[in-house]
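Here is the structure we will look at, set down as structure tokens.
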Amino acid sequence: MDKSRRAFLGKSFAAIGAAALAPQLLSSCEGNAAAPAADGKPNSVFNGVAIGTITYSWRSMPGGLENIVKYCKETGISTLELMSNDLEAYLGIPESPMQRIMAEARAAQAAAAPAAAAPGPGGPGAPGAGGPGAGGPGAGGPGGPGGFRRPSFTPEQQAEIDKYNEDVKKWRANIDMDKVAAAKKYLDDNGIEAHIVKFSPGNWEPEMIDYAFKVAKAMGAKGVSDELSVESAKNMAPFAEKYGLKAIFHNHMQYAEDPNACDPVLAVSPAVALNFDAGHFFGSTGRNPIEMIEKYHDRIVSIHIKDKTGPQTQPTPNQNQVWGQGEMPLAEVLNYIKEKKYPIYCDIELEYDVKPWSDAVKEVKTCVNYARQILL
């Protein structure tokens with residue numbers, strides 16, 4: 001079932017071109033086929049399996065909801081795990097000063113680097129060479145001279161950051177729900193569903209967690225996602241229950257240490273569910289993700305799909321790969337979901353290195369077409 005990238009590309013150009021001429025409208029991840037649409041809206045439901053992406057896949061591209069819609073149309077994606085930064089920017093969240101402050105810190109450290117590297121009266125690293133320890137490891141932080149060291153903020157910068165954090169709390173507490181409705185309509189009008197909004201609010205204050213679920217509900221999402229944690233599940237579950245949604249948790253390498261790592265999280269509430277990262281699971285354990293899908297399918301809202309090497313592969317264990325060049329049983333997983341008719345969203349998470357002659361949008365499109373060829 002596995003296909004090399006070369007074989008895939010060679011066999012699928014004609015099919016990809018034909019698919020581009022027949023866009024369809026996504027209704028949901030259930031059912032055998034999406035209804036045809038004549039308005040050019042994207043469709044990435046193939047034989048009942050919804051192939052989407054987490055918008056993190058486009059982190060190297062300009063952000064914002066308008067760009068996300070553009071990328072969806074270019075890739076044929078019709079369903080998303082929507083990162084909250086793109087949504088909140090569209091809704092008008094106050095602008096963070098952190099990017100500017102960190103840029104100023106980088107510039108200041110770069111300007112100080114030549115002075116720090118020059119021998120002072122007491123030799124490299126002496127006070128005369130740019131301050132105590134300036135020539136030592138601290139000059140560049142971990143990784144050696146020239147690296148970026150996270151700065152200590154000035155009192156003025158810290159005050160600016162504190163004010164921003166308070167402004168964000170006030171803004172979220174008084175969110176204009178008409179703007180949220182407009183964001184949902186914008187996605188709907190373009191044939192795109194946000195099945196999850198990733199706010200990652202597990203350690204937020206209760207009123208802020210309430211905000212996350214209220215917005216996700218208004219966006220038509222199935223729930224709000226965060227990283228796998230019992231504490232976060234306990235914090236989020238009451239609000240998932242309140243809004244009739246799911247608190248959805250994503251794994252990294254936890255299953256390599258504890259095969260039942262999700263059980264105490266799921267035990268918190270029936271409103272707790274999984275965003276099962278099949279790639280991380282395979283890469284860290286070497287086990288077939290189907291065993292987890294079979295066991296927990298009724299608690300899985302979505303799956304992150306990627307190709308990986310296994311944990312024993314040398315010289316590159318547990319490494320992200322171009323689809324078809326790793327060892328993750330992609331075709332087996334996708335066909336299993338198709339055959340079982342599980343209403344589980346399968347989201348591409350683009351994590352392999354994108355070559356200079358390509359970009360994240362082109363690579364996600366290739367992944368979509370790879371999945372399409374498997375499922376049709």
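Chain labels run A, B, ... following the order of the structure tokens; each chain numbers its residues from 1, and ligands are numbered from 1 in the order shown.
Within the 9 Å cut-off around region 172-179 of chain A, using only C-alpha atoms and omitting residues fewer than 5 positions from it on the same chain, the listed residues are A:Tyr90, A:Leu91, A:Gly92, A:Ile93, A:Asp167, A:Lys184, A:Glu207, A:Met208, A:Tyr211, A:Ala212, A:Val215, A:Ala218.
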If you take only C-alpha atoms and a cut-off of 10 Å, which residues of region 157-271 of chain A touch region 99-116 of chain A, and what are their nearest atom pairs and distances in Å to one decimal, in chain and number order, as CSV?
```
residue,atom,partner,partner_atom,distance
A:Gln157,CA,A:Ile101,CA,7.3
A:Gln158,CA,A:Ile101,CA,9.8
A:Glu160,CA,A:Ile101,CA,9.7
A:Ile161,CA,A:Ile101,CA,9.3
```
So that I have them on file, write out the residues from the current selection with all heavy atoms, as a short mmCIF file (atom, residue, chain, number, x, y, z; two decimals), in the first residue's frame.
```
data_model
loop_
_atom_site.label_atom_id
_atom_site.label_comp_id
_atom_site.auth_asym_id
_atom_site.auth_seq_id
_atom_site.Cartn_x
_atom_site.Cartn_y
_atom_site.Cartn_z
N GLN A 157 9.63 47.66 29.09
CA GLN A 157 9.14 46.57 28.26
C GLN A 157 8.20 45.66 29.04
O GLN A 157 7.16 45.24 28.53
CB GLN A 157 10.32 45.78 27.70
CG GLN A 157 11.12 46.50 26.64
CD GLN A 157 12.37 45.75 26.26
OE1 GLN A 157 12.93 44.98 27.06
NE2 GLN A 157 12.84 45.94 25.03
N GLN A 158 8.56 45.33 30.28
CA GLN A 158 7.72 44.47 31.09
C GLN A 158 6.37 45.12 31.34
O GLN A 158 5.33 44.46 31.33
CB GLN A 158 8.40 44.14 32.41
CG GLN A 158 7.67 43.08 33.22
CD GLN A 158 7.55 41.76 32.48
OE1 GLN A 158 8.57 41.18 32.08
NE2 GLN A 158 6.33 41.28 32.29
N GLU A 160 4.89 47.20 29.38
CA GLU A 160 4.16 47.13 28.11
C GLU A 160 3.55 45.74 27.92
O GLU A 160 2.40 45.61 27.48
CB GLU A 160 5.11 47.47 26.96
CG GLU A 160 4.43 47.62 25.62
CD GLU A 160 5.38 48.04 24.51
OE1 GLU A 160 6.60 48.17 24.77
OE2 GLU A 160 4.90 48.23 23.37
N ILE A 161 4.32 44.71 28.27
CA ILE A 161 3.82 43.34 28.15
C ILE A 161 2.67 43.11 29.12
O ILE A 161 1.65 42.50 28.77
CB ILE A 161 4.97 42.34 28.42
CG1 ILE A 161 5.99 42.42 27.29
CG2 ILE A 161 4.42 40.92 28.54
CD1 ILE A 161 7.30 41.71 27.60
#
```
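Neighbours of Gln319 (chain A) closer than or equal to 6 Å, with only C-alpha atoms counted and sequence neighbours fewer than 3 positions away skipped, come out as Lys308, Thr309 and Thr316 of chain A.
What separates CA of Lys73 (chain A) from CA of Asn43 (chain A) is a distance of 9.0 Å.
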